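Text of the file data_12.pdb, holding PDB, C-alpha atoms and all ligand atoms:
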ATOM      1  CA  MET A   1     165.923 248.973 173.965  1.00  0.00           C
ATOM      2  CA  THR A   2     169.040 247.084 175.003  1.00  0.00           C
ATOM      3  CA  GLY A   3     169.792 243.526 175.966  1.00  0.00           C
ATOM      4  CA  THR A   4     170.358 240.253 174.323  1.00  0.00           C
ATOM      5  CA  PRO A   5     167.360 238.707 172.636  1.00  0.00           C
ATOM      6  CA  GLY A   6     166.058 235.856 174.701  1.00  0.00           C
ATOM      7  CA  ALA A   7     167.976 236.951 177.829  1.00  0.00           C
ATOM      8  CA  ALA A   8     165.287 239.136 179.419  1.00  0.00           C
ATOM      9  CA  ALA A   9     164.819 238.825 183.189  1.00  0.00           C
ATOM     10  CA  THR A  10     161.471 237.785 184.628  1.00  0.00           C
ATOM     11  CA  ARG A  11     159.440 240.248 186.763  1.00  0.00           C
ATOM     12  CA  ASP A  12     161.112 239.005 189.970  1.00  0.00           C
ATOM     13  CA  GLY A  13     164.511 239.776 188.462  1.00  0.00           C
ATOM     14  CA  LYS A  14     165.613 236.183 188.085  1.00  0.00           C
ATOM     15  CA  ALA A  15     166.948 234.910 184.832  1.00  0.00           C
ATOM     16  CA  PRO A  16     164.356 232.855 182.970  1.00  0.00           C
ATOM     17  CA  GLU A  17     164.778 229.117 182.978  1.00  0.00           C
ATOM     18  CA  ARG A  18     166.154 227.935 179.721  1.00  0.00           C
ATOM     19  CA  SER A  19     164.734 224.927 177.957  1.00  0.00           C
ATOM     20  CA  PRO A  20     167.182 222.054 178.037  1.00  0.00           C
ATOM     21  CA  PRO A  21     168.996 221.579 174.747  1.00  0.00           C
ATOM     22  CA  CYS A  22     167.143 219.233 172.446  1.00  0.00           C
ATOM     23  CA  SER A  23     168.351 215.708 172.956  1.00  0.00           C
ATOM     24  CA  PRO A  24     167.326 212.992 170.562  1.00  0.00           C
ATOM     25  CA  SER A  25     164.677 210.665 171.919  1.00  0.00           C
ATOM     26  CA  TYR A  26     166.694 207.618 170.946  1.00  0.00           C
ATOM     27  CA  ASP A  27     170.195 206.191 171.436  1.00  0.00           C
ATOM     28  CA  LEU A  28     170.595 204.211 168.247  1.00  0.00           C
ATOM     29  CA  THR A  29     169.075 204.041 164.779  1.00  0.00           C
ATOM     30  CA  GLY A  30     168.613 201.154 162.421  1.00  0.00           C
ATOM     31  CA  LYS A  31     167.261 200.824 158.909  1.00  0.00           C
ATOM     32  CA  VAL A  32     164.992 197.845 158.348  1.00  0.00           C
ATOM     33  CA  MET A  33     163.429 196.811 155.025  1.00  0.00           C
ATOM     34  CA  LEU A  34     160.358 194.685 154.455  1.00  0.00           C
ATOM     35  CA  LEU A  35     160.729 192.465 151.408  1.00  0.00           C
ATOM     36  CA  GLY A  36     158.688 189.771 149.688  1.00  0.00           C
ATOM     37  CA  ASP A  37     156.247 189.206 146.841  1.00  0.00           C
ATOM     38  CA  SER A  38     153.303 191.491 146.279  1.00  0.00           C
ATOM     39  CA  GLY A  39     150.388 190.677 148.580  1.00  0.00           C
ATOM     40  CA  VAL A  40     152.293 188.792 151.315  1.00  0.00           C
ATOM     41  CA  GLY A  41     151.301 191.498 153.809  1.00  0.00           C
ATOM     42  CA  LYS A  42     154.309 193.825 154.166  1.00  0.00           C
ATOM     43  CA  THR A  43     152.276 197.028 154.457  1.00  0.00           C
ATOM     44  CA  CYS A  44     149.841 195.425 156.918  1.00  0.00           C
ATOM     45  CA  PHE A  45     152.776 194.086 158.923  1.00  0.00           C
ATOM     46  CA  LEU A  46     154.245 197.572 159.234  1.00  0.00           C
ATOM     47  CA  ILE A  47     150.900 199.168 160.123  1.00  0.00           C
ATOM     48  CA  GLN A  48     150.232 196.505 162.754  1.00  0.00           C
ATOM     49  CA  PHE A  49     153.592 197.261 164.348  1.00  0.00           C
ATOM     50  CA  LYS A  50     153.358 201.048 164.063  1.00  0.00           C
ATOM     51  CA  ASP A  51     149.686 201.590 164.944  1.00  0.00           C
ATOM     52  CA  GLY A  52     148.429 198.252 166.292  1.00  0.00           C
ATOM     53  CA  ALA A  53     145.799 198.126 163.558  1.00  0.00           C
ATOM     54  CA  PHE A  54     144.933 195.834 160.666  1.00  0.00           C
ATOM     55  CA  LEU A  55     143.702 197.192 157.364  1.00  0.00           C
ATOM     56  CA  SER A  56     141.403 194.646 155.829  1.00  0.00           C
ATOM     57  CA  GLY A  57     139.384 195.114 152.683  1.00  0.00           C
ATOM     58  CA  THR A  58     140.576 196.067 149.252  1.00  0.00           C
ATOM     59  CA  PHE A  59     144.217 195.317 148.632  1.00  0.00           C
ATOM     60  CA  ILE A  60     146.116 198.353 147.358  1.00  0.00           C
ATOM     61  CA  ALA A  61     149.600 197.419 146.196  1.00  0.00           C
ATOM     62  CA  THR A  62     152.459 199.657 147.352  1.00  0.00           C
ATOM     63  CA  VAL A  63     153.927 201.868 144.639  1.00  0.00           C
ATOM     64  CA  GLY A  64     157.701 202.178 144.933  1.00  0.00           C
ATOM     65  CA  ILE A  65     158.799 202.525 148.520  1.00  0.00           C
ATOM     66  CA  ASP A  66     157.725 204.262 151.736  1.00  0.00           C
ATOM     67  CA  PHE A  67     158.957 204.397 155.313  1.00  0.00           C
ATOM     68  CA  ARG A  68     157.802 204.862 158.922  1.00  0.00           C
ATOM     69  CA  ASN A  69     159.810 205.412 162.099  1.00  0.00           C
ATOM     70  CA  LYS A  70     159.188 203.769 165.429  1.00  0.00           C
ATOM     71  CA  VAL A  71     161.294 203.925 168.588  1.00  0.00           C
ATOM     72  CA  VAL A  72     161.474 200.731 170.654  1.00  0.00           C
ATOM     73  CA  THR A  73     163.251 200.254 173.966  1.00  0.00           C
ATOM     74  CA  VAL A  74     165.329 197.138 174.436  1.00  0.00           C
ATOM     75  CA  ASP A  75     167.295 196.541 177.655  1.00  0.00           C
ATOM     76  CA  GLY A  76     167.061 200.255 178.474  1.00  0.00           C
ATOM     77  CA  VAL A  77     168.351 201.376 175.069  1.00  0.00           C
ATOM     78  CA  ARG A  78     166.060 203.338 172.745  1.00  0.00           C
ATOM     79  CA  VAL A  79     166.413 202.189 169.179  1.00  0.00           C
ATOM     80  CA  LYS A  80     164.837 204.205 166.400  1.00  0.00           C
ATOM     81  CA  LEU A  81     163.825 201.816 163.644  1.00  0.00           C
ATOM     82  CA  GLN A  82     163.381 203.356 160.232  1.00  0.00           C
ATOM     83  CA  ILE A  83     161.229 200.778 158.497  1.00  0.00           C
ATOM     84  CA  TRP A  84     161.004 200.752 154.723  1.00  0.00           C
ATOM     85  CA  ASP A  85     157.980 199.152 153.116  1.00  0.00           C
ATOM     86  CA  THR A  86     158.852 198.099 149.595  1.00  0.00           C
ATOM     87  CA  ALA A  87     156.598 197.267 146.660  1.00  0.00           C
ATOM     88  CA  GLY A  88     156.622 193.542 145.960  1.00  0.00           C
ATOM     89  CA  GLN A  89     155.691 193.925 142.318  1.00  0.00           C
ATOM     90  CA  GLU A  90     158.467 193.018 139.895  1.00  0.00           C
ATOM     91  CA  ARG A  91     158.229 196.350 138.038  1.00  0.00           C
ATOM     92  CA  PHE A  92     159.452 198.254 141.128  1.00  0.00           C
ATOM     93  CA  ARG A  93     162.426 195.984 141.790  1.00  0.00           C
ATOM     94  CA  SER A  94     165.060 198.333 140.349  1.00  0.00           C
ATOM     95  CA  VAL A  95     163.773 201.149 142.587  1.00  0.00           C
ATOM     96  CA  THR A  96     164.092 199.084 145.756  1.00  0.00           C
ATOM     97  CA  HIS A  97     167.572 197.740 144.928  1.00  0.00           C
ATOM     98  CA  ALA A  98     169.009 201.178 145.617  1.00  0.00           C
ATOM     99  CA  TYR A  99     167.786 201.028 149.216  1.00  0.00           C
ATOM    100  CA  TYR A 100     169.361 197.679 150.144  1.00  0.00           C
ATOM    101  CA  ARG A 101     172.895 198.994 150.491  1.00  0.00           C
ATOM    102  CA  ASP A 102     172.593 200.782 153.846  1.00  0.00           C
ATOM    103  CA  ALA A 103     169.918 198.564 155.402  1.00  0.00           C
ATOM    104  CA  GLN A 104     171.000 196.835 158.590  1.00  0.00           C
ATOM    105  CA  ALA A 105     168.129 194.374 158.682  1.00  0.00           C
ATOM    106  CA  LEU A 106     165.733 192.750 156.243  1.00  0.00           C
ATOM    107  CA  LEU A 107     162.418 191.106 157.084  1.00  0.00           C
ATOM    108  CA  LEU A 108     161.643 188.701 154.257  1.00  0.00           C
ATOM    109  CA  LEU A 109     157.991 187.686 154.133  1.00  0.00           C
ATOM    110  CA  TYR A 110     156.060 184.987 152.338  1.00  0.00           C
ATOM    111  CA  ASP A 111     152.367 184.132 152.631  1.00  0.00           C
ATOM    112  CA  ILE A 112     151.627 180.686 154.097  1.00  0.00           C
ATOM    113  CA  THR A 113     148.537 180.488 151.843  1.00  0.00           C
ATOM    114  CA  ASN A 114     150.470 181.255 148.658  1.00  0.00           C
ATOM    115  CA  LYS A 115     152.972 178.688 147.372  1.00  0.00           C
ATOM    116  CA  SER A 116     154.662 180.901 144.792  1.00  0.00           C
ATOM    117  CA  SER A 117     155.464 183.521 147.444  1.00  0.00           C
ATOM    118  CA  PHE A 118     157.323 180.772 149.335  1.00  0.00           C
ATOM    119  CA  ASP A 119     159.013 179.382 146.198  1.00  0.00           C
ATOM    120  CA  ASN A 120     160.278 182.876 145.391  1.00  0.00           C
ATOM    121  CA  ILE A 121     162.115 183.217 148.709  1.00  0.00           C
ATOM    122  CA  ARG A 122     165.280 181.680 147.225  1.00  0.00           C
ATOM    123  CA  ALA A 123     165.239 184.303 144.455  1.00  0.00           C
ATOM    124  CA  TRP A 124     164.786 187.025 147.080  1.00  0.00           C
ATOM    125  CA  LEU A 125     167.765 185.690 149.026  1.00  0.00           C
ATOM    126  CA  THR A 126     169.897 185.686 145.872  1.00  0.00           C
ATOM    127  CA  GLU A 127     168.912 189.295 145.271  1.00  0.00           C
ATOM    128  CA  ILE A 128     169.685 190.189 148.889  1.00  0.00           C
ATOM    129  CA  HIS A 129     173.149 188.667 148.628  1.00  0.00           C
ATOM    130  CA  GLU A 130     173.756 190.710 145.507  1.00  0.00           C
ATOM    131  CA  TYR A 131     172.588 194.099 146.769  1.00  0.00           C
ATOM    132  CA  ALA A 132     172.696 194.161 150.584  1.00  0.00           C
ATOM    133  CA  GLN A 133     175.592 194.475 153.019  1.00  0.00           C
ATOM    134  CA  ARG A 134     177.330 191.196 153.810  1.00  0.00           C
ATOM    135  CA  ASP A 135     176.465 191.349 157.508  1.00  0.00           C
ATOM    136  CA  VAL A 136     172.837 192.405 157.075  1.00  0.00           C
ATOM    137  CA  VAL A 137     170.457 190.727 159.569  1.00  0.00           C
ATOM    138  CA  ILE A 138     167.862 188.635 157.719  1.00  0.00           C
ATOM    139  CA  MET A 139     164.708 187.154 159.201  1.00  0.00           C
ATOM    140  CA  LEU A 140     162.311 184.855 157.350  1.00  0.00           C
ATOM    141  CA  LEU A 141     158.618 185.313 158.201  1.00  0.00           C
ATOM    142  CA  GLY A 142     155.679 183.158 157.132  1.00  0.00           C
ATOM    143  CA  ASN A 143     152.823 185.651 157.300  1.00  0.00           C
ATOM    144  CA  LYS A 144     148.996 185.185 157.402  1.00  0.00           C
ATOM    145  CA  ALA A 145     149.316 182.391 159.977  1.00  0.00           C
ATOM    146  CA  ASP A 146     145.772 183.240 161.107  1.00  0.00           C
ATOM    147  CA  VAL A 147     144.324 181.742 157.908  1.00  0.00           C
ATOM    148  CA  SER A 148     144.929 178.117 158.863  1.00  0.00           C
ATOM    149  CA  SER A 149     142.172 176.757 156.611  1.00  0.00           C
ATOM    150  CA  GLU A 150     143.984 178.005 153.491  1.00  0.00           C
ATOM    151  CA  ARG A 151     147.480 177.046 154.558  1.00  0.00           C
ATOM    152  CA  VAL A 152     149.594 175.485 151.779  1.00  0.00           C
ATOM    153  CA  ILE A 153     153.065 175.911 153.327  1.00  0.00           C
ATOM    154  CA  ARG A 154     153.768 173.899 156.461  1.00  0.00           C
ATOM    155  CA  SER A 155     155.588 175.539 159.312  1.00  0.00           C
ATOM    156  CA  GLU A 156     158.301 172.854 159.015  1.00  0.00           C
ATOM    157  CA  ASP A 157     158.962 173.920 155.402  1.00  0.00           C
ATOM    158  CA  GLY A 158     159.630 177.468 156.531  1.00  0.00           C
ATOM    159  CA  GLU A 159     161.844 176.194 159.329  1.00  0.00           C
ATOM    160  CA  MET A 160     163.864 173.997 156.967  1.00  0.00           C
ATOM    161  CA  LEU A 161     164.433 176.789 154.490  1.00  0.00           C
ATOM    162  CA  ALA A 162     165.490 179.179 157.245  1.00  0.00           C
ATOM    163  CA  ARG A 163     167.895 176.602 158.669  1.00  0.00           C
ATOM    164  CA  GLU A 164     169.421 176.089 155.226  1.00  0.00           C
ATOM    165  CA  TYR A 165     170.215 179.794 155.016  1.00  0.00           C
ATOM    166  CA  GLY A 166     171.073 180.173 158.707  1.00  0.00           C
ATOM    167  CA  VAL A 167     168.415 182.801 159.413  1.00  0.00           C
ATOM    168  CA  PRO A 168     165.811 183.070 162.191  1.00  0.00           C
ATOM    169  CA  PHE A 169     162.275 182.083 161.291  1.00  0.00           C
ATOM    170  CA  MET A 170     158.775 182.428 162.637  1.00  0.00           C
ATOM    171  CA  GLU A 171     155.212 182.515 161.438  1.00  0.00           C
ATOM    172  CA  THR A 172     153.371 185.786 161.915  1.00  0.00           C
ATOM    173  CA  SER A 173     150.008 187.406 161.440  1.00  0.00           C
ATOM    174  CA  ALA A 174     149.662 191.048 160.536  1.00  0.00           C
ATOM    175  CA  LYS A 175     145.961 190.560 161.247  1.00  0.00           C
ATOM    176  CA  THR A 176     146.121 189.297 164.838  1.00  0.00           C
ATOM    177  CA  GLY A 177     149.548 190.774 165.623  1.00  0.00           C
ATOM    178  CA  MET A 178     151.104 187.378 166.348  1.00  0.00           C
ATOM    179  CA  ASN A 179     154.908 187.753 166.508  1.00  0.00           C
ATOM    180  CA  VAL A 180     154.859 191.122 164.735  1.00  0.00           C
ATOM    181  CA  GLU A 181     156.392 193.137 167.571  1.00  0.00           C
ATOM    182  CA  LEU A 182     158.782 190.307 168.364  1.00  0.00           C
ATOM    183  CA  ALA A 183     160.264 190.476 164.857  1.00  0.00           C
ATOM    184  CA  PHE A 184     161.181 194.143 165.323  1.00  0.00           C
ATOM    185  CA  LEU A 185     162.302 193.733 168.932  1.00  0.00           C
ATOM    186  CA  ALA A 186     164.640 190.904 167.926  1.00  0.00           C
ATOM    187  CA  ILE A 187     166.112 193.125 165.207  1.00  0.00           C
ATOM    188  CA  ALA A 188     166.489 196.034 167.661  1.00  0.00           C
ATOM    189  CA  LYS A 189     168.228 193.767 170.188  1.00  0.00           C
ATOM    190  CA  GLU A 190     170.634 192.506 167.533  1.00  0.00           C
ATOM    191  CA  LEU A 191     171.439 196.071 166.400  1.00  0.00           C
ATOM    192  CA  LYS A 192     171.968 197.162 169.999  1.00  0.00           C
ATOM    193  CA  TYR A 193     174.233 194.200 170.630  1.00  0.00           C
ATOM    194  CA  ARG A 194     176.275 194.915 167.498  1.00  0.00           C
ATOM    195  CA  ALA A 195     176.591 198.621 168.292  1.00  0.00           C
ATOM    196  CA  GLY A 196     177.731 198.318 171.862  1.00  0.00           C
ATOM    197  CA  ARG A 197     179.427 194.989 172.196  1.00  0.00           C
ATOM    198  CA  GLN A 198     181.437 195.138 175.425  1.00  0.00           C
ATOM    199  CA  ALA A 199     184.058 192.653 176.521  1.00  0.00           C
ATOM    200  CA  ASN A 200     181.953 191.285 179.374  1.00  0.00           C
ATOM    201  CA  GLU A 201     178.565 191.511 177.667  1.00  0.00           C
ATOM    202  CA  PRO A 202     176.915 188.117 177.193  1.00  0.00           C
ATOM    203  CA  SER A 203     176.598 187.290 173.517  1.00  0.00           C
ATOM    204  CA  PHE A 204     173.185 187.655 171.860  1.00  0.00           C
ATOM    205  CA  GLN A 205     172.020 185.009 169.406  1.00  0.00           C
ATOM    206  CA  ILE A 206     169.040 186.281 167.455  1.00  0.00           C
ATOM    207  CA  ARG A 207     167.969 182.787 166.332  1.00  0.00           C
ATOM    208  CA  ASP A 208     167.922 181.463 169.899  1.00  0.00           C
ATOM    209  CA  TYR A 209     166.058 184.558 171.064  1.00  0.00           C
ATOM    210  CA  VAL A 210     163.383 184.191 168.389  1.00  0.00           C
ATOM    211  CA  GLU A 211     163.018 180.449 169.068  1.00  0.00           C
ATOM    212  CA  SER A 212     162.529 181.064 172.784  1.00  0.00           C
ATOM    213  CA  GLN A 213     160.046 183.935 172.381  1.00  0.00           C
ATOM    214  CA  LYS A 214     157.937 183.120 169.339  1.00  0.00           C
ATOM    215  CA  LYS A 215     154.295 182.118 169.527  1.00  0.00           C
ATOM    216  CA  ARG A 216     153.183 179.205 167.425  1.00  0.00           C
ATOM    217  CA  PRO A 217     149.918 179.236 165.448  1.00  0.00           C
ATOM    218  CA  GLY A 218     147.122 177.625 167.404  1.00  0.00           C
ATOM    219  CA  CYS A 219     148.976 177.762 170.710  1.00  0.00           C
ATOM    220  CA  CYS A 220     147.417 180.861 172.177  1.00  0.00           C
ATOM    221  CA  SER A 221     144.817 183.543 172.178  1.00  0.00           C
ATOM    222  CA  PHE A 222     146.188 185.255 169.065  1.00  0.00           C
ATOM    223  CA  LEU A 223     144.245 182.959 166.742  1.00  0.00           C
TER     224      LEU A 223
HETATM  225  N1  LIG A 301     144.309 187.114 156.918  1.00  0.00           N
HETATM  226  C1  LIG A 301     145.357 187.912 156.756  1.00  0.00           C
HETATM  227  N2  LIG A 301     145.388 188.773 155.715  1.00  0.00           N
HETATM  228  C2  LIG A 301     146.468 189.567 155.589  1.00  0.00           C
HETATM  229  C3  LIG A 301     147.561 189.539 156.502  1.00  0.00           C
HETATM  230  N3  LIG A 301     148.481 190.441 156.099  1.00  0.00           N
HETATM  231  C4  LIG A 301     147.982 191.016 155.011  1.00  0.00           C
HETATM  232  N4  LIG A 301     146.775 190.512 154.687  1.00  0.00           N
HETATM  233  C5  LIG A 301     145.946 190.863 153.520  1.00  0.00           C
HETATM  234  O1  LIG A 301     146.730 190.620 152.358  1.00  0.00           O
HETATM  235  C6  LIG A 301     146.523 191.616 151.371  1.00  0.00           C
HETATM  236  C7  LIG A 301     147.863 192.242 150.959  1.00  0.00           C
HETATM  237  O2  LIG A 301     148.428 192.939 152.062  1.00  0.00           O
HETATM  238  P1  LIG A 301     149.531 194.088 151.879  1.00  0.00           P
HETATM  239  O3  LIG A 301     150.062 194.401 153.226  1.00  0.00           O
HETATM  240  O4  LIG A 301     148.988 195.227 151.114  1.00  0.00           O
HETATM  241  O5  LIG A 301     150.620 193.322 150.996  1.00  0.00           O
HETATM  242  P2  LIG A 301     152.053 193.846 150.493  1.00  0.00           P
HETATM  243  O6  LIG A 301     153.014 192.742 150.722  1.00  0.00           O
HETATM  244  O7  LIG A 301     152.380 195.138 151.127  1.00  0.00           O
HETATM  245  O8  LIG A 301     151.814 194.029 148.929  1.00  0.00           O
HETATM  246  P3  LIG A 301     152.644 195.010 147.913  1.00  0.00           P
HETATM  247  O9  LIG A 301     152.464 196.386 148.427  1.00  0.00           O
HETATM  248  O10 LIG A 301     152.012 194.816 146.559  1.00  0.00           O
HETATM  249  O11 LIG A 301     154.061 194.537 147.916  1.00  0.00           O
HETATM  250  C8  LIG A 301     145.542 192.615 151.976  1.00  0.00           C
HETATM  251  O12 LIG A 301     144.253 192.313 151.483  1.00  0.00           O
HETATM  252  C9  LIG A 301     145.601 192.361 153.479  1.00  0.00           C
HETATM  253  O13 LIG A 301     144.385 192.632 154.135  1.00  0.00           O
HETATM  254  C10 LIG A 301     147.495 188.592 157.585  1.00  0.00           C
HETATM  255  O14 LIG A 301     148.400 188.454 158.417  1.00  0.00           O
HETATM  256  N5  LIG A 301     146.387 187.816 157.657  1.00  0.00           N
END

How does this structure look as structure tokens?
Amino acid sequence: MTGTPGAAATRDGKAPERSPPCSPSYDLTGKVMLLGDSGVGKTCFLIQFKDGAFLSGTFIATVGIDFRNKVVTVDGVRVKLQIWDTAGQERFRSVTHAYYRDAQALLLLYDITNKSSFDNIRAWLTEIHEYAQRDVVIMLLGNKADVSSERVIRSEDGEMLAREYGVPFMETSAKTGMNVELAFLAIAKELKYRAGRQANEPSFQIRDYVESQKKRPGCCSFL
């Protein structure tokens, strides 16, 4: 038998149609890390974004680090987000430090019903400045905004802290989905803007974008 493998003609003598070469299903990639104390809701936040589901019930702390990919489209550009869910427990801290270096964005969560998780945000920011890239995008998120009856951190306190550090801020709920997708879309938009900044492209301000788009607890059907 002669011929080139894969080059056989069909029964009508025409050459078979070739599959188009594999093209990636995205235009840009970005590495995002979820950070914050144990129990603030990082894993639930990621699952809500990835699968649109909320895992309630027994809390199983993350061991080490894990990641999921999700492609989002912003302004016609497909951005593949590689999202790393880190363990909040102190004993895993040295493991997660190694992953900061090439992260482009960090979502830093506290729990609005847990004061120490908010008080620890300054320590997290110190750690971030030590281990992450200088131009890393940071967003502060006050999670569990659905549990208003147990709230101990006011929204204004989160806003003030975020302003002090010059980072965007919003309250979120991994349970209802409030502002979860927005957090990732804002990051994707910022990464897209940074990657393809053209001379005539209007500038993108992530803080303004978040302020204009975010839902506030109690304002809508999320809660
Ligand atoms: N009501 C409410 N509960 C939440 C929310 N997010 C997470 N939880 C609950 O909080 C607990 C901890 O959530 P996780 O997502 O596992 O927390 P984590 O930050 O990943 O914790 P570590 O893996 O130890 O770092 C679980 O019992 C969740 O069901 C939320 O937005 N609202």

Return as JSON the box centre and box size in Å, one decimal, for an axis-aligned box around all listed atoms of stretch 164-181 of chain A padded by 6 Å per side.
{"center_x": 158.5, "center_y": 184.6, "center_z": 161.3, "size_x": 37.1, "size_y": 29.0, "size_z": 24.6}

Kindly assemble as JSON lines a list of the chain A residues that lie within 8 Å of ligand LIG 301 (chain A), each paired with its nearest atom pair and their distance in Å to one decimal, using only C-alpha atoms and all ligand atoms, sorted first by chain and then by ascending residue number.
{"residue": "A:Leu35", "atom": "CA", "partner": "A:LIG301", "partner_atom": "O6", "distance": 7.8}
{"residue": "A:Gly36", "atom": "CA", "partner": "A:LIG301", "partner_atom": "O6", "distance": 6.5}
{"residue": "A:Asp37", "atom": "CA", "partner": "A:LIG301", "partner_atom": "O11", "distance": 5.9}
{"residue": "A:Ser38", "atom": "CA", "partner": "A:LIG301", "partner_atom": "O11", "distance": 3.5}
{"residue": "A:Gly39", "atom": "CA", "partner": "A:LIG301", "partner_atom": "O5", "distance": 3.6}
{"residue": "A:Val40", "atom": "CA", "partner": "A:LIG301", "partner_atom": "O6", "distance": 4.1}
{"residue": "A:Gly41", "atom": "CA", "partner": "A:LIG301", "partner_atom": "O3", "distance": 3.2}
{"residue": "A:Lys42", "atom": "CA", "partner": "A:LIG301", "partner_atom": "O7", "distance": 3.8}
{"residue": "A:Thr43", "atom": "CA", "partner": "A:LIG301", "partner_atom": "O3", "distance": 3.6}
{"residue": "A:Cys44", "atom": "CA", "partner": "A:LIG301", "partner_atom": "O3", "distance": 3.8}
{"residue": "A:Phe45", "atom": "CA", "partner": "A:LIG301", "partner_atom": "N3", "distance": 6.3}
{"residue": "A:Leu46", "atom": "CA", "partner": "A:LIG301", "partner_atom": "O3", "distance": 8.0}
{"residue": "A:Phe54", "atom": "CA", "partner": "A:LIG301", "partner_atom": "O13", "distance": 7.3}
{"residue": "A:Leu55", "atom": "CA", "partner": "A:LIG301", "partner_atom": "O13", "distance": 5.6}
{"residue": "A:Ser56", "atom": "CA", "partner": "A:LIG301", "partner_atom": "O13", "distance": 4.0}
{"residue": "A:Gly57", "atom": "CA", "partner": "A:LIG301", "partner_atom": "O12", "distance": 5.7}
{"residue": "A:Thr58", "atom": "CA", "partner": "A:LIG301", "partner_atom": "O12", "distance": 5.7}
{"residue": "A:Phe59", "atom": "CA", "partner": "A:LIG301", "partner_atom": "O12", "distance": 4.1}
{"residue": "A:Ile60", "atom": "CA", "partner": "A:LIG301", "partner_atom": "O4", "distance": 5.7}
{"residue": "A:Ala61", "atom": "CA", "partner": "A:LIG301", "partner_atom": "O10", "distance": 3.6}
{"residue": "A:Thr62", "atom": "CA", "partner": "A:LIG301", "partner_atom": "O9", "distance": 3.4}
{"residue": "A:Val63", "atom": "CA", "partner": "A:LIG301", "partner_atom": "O9", "distance": 6.8}
{"residue": "A:Asp85", "atom": "CA", "partner": "A:LIG301", "partner_atom": "O7", "distance": 7.2}
{"residue": "A:Thr86", "atom": "CA", "partner": "A:LIG301", "partner_atom": "O11", "distance": 6.2}
{"residue": "A:Ala87", "atom": "CA", "partner": "A:LIG301", "partner_atom": "O11", "distance": 3.9}
{"residue": "A:Gly88", "atom": "CA", "partner": "A:LIG301", "partner_atom": "O11", "distance": 3.4}
{"residue": "A:Gln89", "atom": "CA", "partner": "A:LIG301", "partner_atom": "O10", "distance": 5.7}
{"residue": "A:Leu109", "atom": "CA", "partner": "A:LIG301", "partner_atom": "O6", "distance": 7.9}
{"residue": "A:Asn143", "atom": "CA", "partner": "A:LIG301", "partner_atom": "O14", "distance": 5.4}
{"residue": "A:Lys144", "atom": "CA", "partner": "A:LIG301", "partner_atom": "O14", "distance": 3.5}
{"residue": "A:Ala145", "atom": "CA", "partner": "A:LIG301", "partner_atom": "O14", "distance": 6.3}
{"residue": "A:Asp146", "atom": "CA", "partner": "A:LIG301", "partner_atom": "N5", "distance": 5.8}
{"residue": "A:Val147", "atom": "CA", "partner": "A:LIG301", "partner_atom": "N1", "distance": 5.5}
{"residue": "A:Thr172", "atom": "CA", "partner": "A:LIG301", "partner_atom": "O14", "distance": 6.6}
{"residue": "A:Ser173", "atom": "CA", "partner": "A:LIG301", "partner_atom": "O14", "distance": 3.6}
{"residue": "A:Ala174", "atom": "CA", "partner": "A:LIG301", "partner_atom": "O14", "distance": 3.6}
{"residue": "A:Lys175", "atom": "CA", "partner": "A:LIG301", "partner_atom": "O14", "distance": 4.3}
{"residue": "A:Thr176", "atom": "CA", "partner": "A:LIG301", "partner_atom": "O14", "distance": 6.9}
{"residue": "A:Gly177", "atom": "CA", "partner": "A:LIG301", "partner_atom": "O14", "distance": 7.7}

**Message:** For a test of reading the model, state the distance in Å between atom CA of A:Gly30 and atom CA of A:Ile83, rounded to one decimal.
**Reply:**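 Atom-to-atom, atom CA of A:Gly30 to atom CA of A:Ile83, that is 8.4 Å.
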
**Item:** Atom-to-atom span, atom CA of A:Asp75 and atom CA of A:Ile206, Å
**Value:** 14.6 Å

**Asked** How many Å separate atom CA of A:Phe67 from atom CA of A:Gln104?
**Response**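 Separation of atom CA of A:Phe67 and atom CA of A:Gln104: 14.6 Å.
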
**Request:** Enumerate, as a PyMOL selection string, the residues matched when the PyMOL selection byres (((chain A and resi 188) around 12) and not hetatm) is run on the file above.
**Result:** chain A and resi 27-32+70-83+104-106+137+181-187+189-195+204+206+209

Write a file of the just-selected residues containing C-alpha atoms, as a compact mmCIF listing (two decimals), in the frame of the given file.
# COMPACT_ATOMS: atom_id res chain seq x y z
CA ASP A 27 170.20 206.19 171.44
CA LEU A 28 170.60 204.21 168.25
CA THR A 29 169.08 204.04 164.78
CA GLY A 30 168.61 201.15 162.42
CA LYS A 31 167.26 200.82 158.91
CA VAL A 32 164.99 197.84 158.35
CA LYS A 70 159.19 203.77 165.43
CA VAL A 71 161.29 203.92 168.59
CA VAL A 72 161.47 200.73 170.65
CA THR A 73 163.25 200.25 173.97
CA VAL A 74 165.33 197.14 174.44
CA ASP A 75 167.30 196.54 177.66
CA GLY A 76 167.06 200.26 178.47
CA VAL A 77 168.35 201.38 175.07
CA ARG A 78 166.06 203.34 172.74
CA VAL A 79 166.41 202.19 169.18
CA LYS A 80 164.84 204.20 166.40
CA LEU A 81 163.82 201.82 163.64
CA GLN A 82 163.38 203.36 160.23
CA ILE A 83 161.23 200.78 158.50
CA GLN A 104 171.00 196.84 158.59
CA ALA A 105 168.13 194.37 158.68
CA LEU A 106 165.73 192.75 156.24
CA VAL A 137 170.46 190.73 159.57
CA GLU A 181 156.39 193.14 167.57
CA LEU A 182 158.78 190.31 168.36
CA ALA A 183 160.26 190.48 164.86
CA PHE A 184 161.18 194.14 165.32
CA LEU A 185 162.30 193.73 168.93
CA ALA A 186 164.64 190.90 167.93
CA ILE A 187 166.11 193.12 165.21
CA LYS A 189 168.23 193.77 170.19
CA GLU A 190 170.63 192.51 167.53
CA LEU A 191 171.44 196.07 166.40
CA LYS A 192 171.97 197.16 170.00
CA TYR A 193 174.23 194.20 170.63
CA ARG A 194 176.28 194.92 167.50
CA ALA A 195 176.59 198.62 168.29
CA PHE A 204 173.18 187.66 171.86
CA ILE A 206 169.04 186.28 167.46
CA TYR A 209 166.06 184.56 171.06
